[in-house]
Amino acid sequence: MIRAIVPWLVAFALTSLAVAAVGESPTLVFKVLLASAFGGVDNISATLYYATPLLFTGTAVCLALEAGLFNIGAEGQLYMGALFAASWGILTRNSTYSTTAAAGIVFLGIAFSFLGGALWGGLAGYLRVKRKTHEVIVTILLNFIAAAIVNWAVLNPLKNTETQALETLWIHEAVRLPKLWAQATYGFPLAVLTAALVLFTVRKTWWGFRVRATGKNHVAAEVEGMSPAKHQWAAFTISGGIAGMVGFNEVFANSHRLLDGFSPGFGFTGLAIALLSRGNFIALVAACILFGALYKGSLDLDLETEKVTRDLSAVIQALVLLALALRGRKK
């Protein structure tokens with residue numbers, strides 16, 4: 001946990017130097033970030049709103065890393081999960097529901113979002129274990145394909161013809177989840193539960209042991225009678241499914257429709273979070289909240305400062321990753 005804090009300290013120190021170099025006060029900048037992210041109930045709820053998709057993608061990447069794989073494709077997987085969730089929600093929008101039936105639709109929305117991401121992750125996993133194609137290259141390419149498919153679906157079969165915005169039809173009112181707290185959605189407790197379940201499974205179950213053994217040394221795992229290819233494919237498929245659950249949060253708990261380009265890069269940020277947390281549940285949740293705070297806090301920089309914009313959030317994230325890489329290389 002303490003090791004996870006070091007990259008943040010280095011990043012904030014370097015950010016302070018950069019802010020001072022352009023003639024702005026580092027104290028003012030961090031004060032704005034802190035107040036915007038945690039200053040009041042509404043701001044805290046907004047931070048949790050941004051932390052929710054990051055917790056899904058961070059968990060997804062953590063699982064793949066345990067299997068010795070680098071899942072750069074969480075961005076594409078979350079888009080496919082959103083497409084499946086939106087398609088299911090739109091397919092059932094013309095019916096009337098009892099409370100029980102609505103709950104079933106929502107539960108199946110989770111399942112469909114998981115399925116969409118799992119299919120996309122499973123494809124990359126299959127190419128990795130069967131064709132020996134590097135998962136980094138495959139997932140990066142699949143990200144572009146997923147974005148193109150979603151864009152086509154939003155503009156054509158699922159298009160909301162009543163508006164010029166790039167969005168699909170709305171899902172039925174009966175299956176739209178209310179907000180948990182101000183801007184925070186019910187996706188946040190679902191993401192926490194998912195992260196806890198996944199990390200417990202990886203650390204405390206026989207299947208998790210096999211996944212970790214495969215990730216540490218697939219040759220030794222194979223000698224011991226394990227099936228590295230099977231476990232890596234399964235881990236990558238489940239990893240994609242977890243990333244896909246971002247789509248359920250977006251469609252059923254947040255926008256209640258699918259907006260083209262709704263993700264500002266949650267999948268890529270999840271990679272940084274996974275590397276920071278190193279499979280530790282508390283560090284994972286804390287990192288998601290901190291990155292969520294950066295997303296939220298940076299929105300006010302354009303208004304409250306003269307020479308620093310919201311792009312500072314991306315700079316801090318990059319510096320965190322740089323500090324993390326330097327630490328890993330030194331080790």
# chains A, B, ... in the order shown; residues from 1 in each chain; ligands from 1
>>> residues_around(residues="segment 149-162 of chain A", least_positions_apart="6", cutoff="7 Å", atoms="only C-alpha atoms", output="ChimeraX atom specification")
/A:79,83,168-169,260
>>> residues_around(residues="Ala234 of chain A", least_positions_apart="3", cutoff="10 Å", atoms="only C-alpha atoms", output="number ranges by chain")
A: 64, 67, 118, 121-122, 125-126, 211, 228-231, 237-240
>>> write_last_selection(atoms="C-alpha atoms", output="tab-separated table (two decimals), in the first residue's frame")
chain	number	residue	atom	x	y	z
A	64	ALA	CA	-5.27	-10.34	-16.83
A	67	ALA	CA	-2.40	-14.56	-15.70
A	118	ALA	CA	-16.19	-11.26	-22.60
A	121	GLY	CA	-11.73	-10.24	-24.52
A	122	GLY	CA	-12.14	-13.92	-25.36
A	125	GLY	CA	-7.33	-14.42	-25.55
A	126	TYR	CA	-7.97	-17.05	-28.21
A	211	VAL	CA	-4.05	-18.55	-12.89
A	228	PRO	CA	-1.68	-22.54	-19.13
A	229	ALA	CA	-3.48	-21.89	-22.40
A	230	LYS	CA	-6.88	-22.71	-20.91
A	231	HIS	CA	-6.34	-20.62	-17.81
A	237	THR	CA	-12.30	-13.69	-21.27
A	238	ILE	CA	-13.44	-12.88	-17.74
A	239	SER	CA	-11.24	-9.79	-17.75
A	240	GLY	CA	-13.03	-8.57	-20.86
>>> residues_around(residues="Ser36 of chain A", least_positions_apart="4", cutoff="10 Å", atoms="only C-alpha atoms", output="PyMOL selection string")
chain A and resi 30-32+40+42-44+46-47+293-301
>>> select_by_dssp(residues="segment 110-274 of chain A", states="strand (DSSP E or B)", output="MDAnalysis selection string")
chainID A and resid 159 167:168 181 184 259
>>> residues_around(residues="segment 100-108 of chain A", least_positions_apart="4", cutoff="7 Å", atoms="only C-alpha atoms", output="number ranges by chain")
A: 112, 174-175
>>> closest_residue(among="A:Met226, A:Leu54, A:Leu258, A:Leu17", to="Trp88 of chain A", atoms="only C-alpha atoms")
A:Leu258
>>> residues_around(residues="segment 305-317 of chain A", least_positions_apart="6", cutoff="12 Å", atoms="only C-alpha atoms", output="number ranges by chain")
A: 7-33, 36, 264-265, 268-273, 276, 287-288, 290-299, 323-324
>>> select_by_dssp(residues="segment 127-264 of chain A", states="alpha helix (DSSP H)", output="PyMOL selection string")
chain A and resi 127-131+135-155+187-204+206-216+218-223+228-248
>>> residues_around(residues="Leu119 of chain A", least_positions_apart="4", cutoff="9 Å", atoms="only C-alpha atoms", output="PyMOL selection string")
chain A and resi 77+80+114-115+123-124+237+240-241
>>> closest_residue(among="A:Thr59, A:Thr96, A:Asn249, A:Ser45", to="Ala283 of chain A", atoms="only C-alpha atoms")
A:Thr59
>>> residues_around(residues="Glu75 of chain A", least_positions_apart="3", cutoff="12 Å", atoms="only C-alpha atoms", output="JSON, numbers by chain")
{"A": [53, 54, 56, 57, 58, 60, 61, 71, 72, 78, 79, 80, 81, 82, 117, 120, 121, 139, 140, 141, 142, 143, 144, 145, 146, 147, 150, 239, 240, 241, 242, 243, 244, 245, 246, 247, 261, 262, 263, 264, 265, 266, 267, 268, 269, 270, 271]}
>>> atom_distance(atom1="atom CA of Glu135 of chain A", atom2="atom CA of Val192 of chain A")
26.7 Å
>>> closest_residue(among="A:Ala111, A:Ile289, A:Phe209, A:Ile90", to="Ala221 of chain A", atoms="only C-alpha atoms")
A:Phe209
>>> closest_residue(among="A:Ala86, A:Leu166, A:Leu65, A:Ala274", to="Gly116 of chain A", atoms="only C-alpha atoms")
A:Ala86
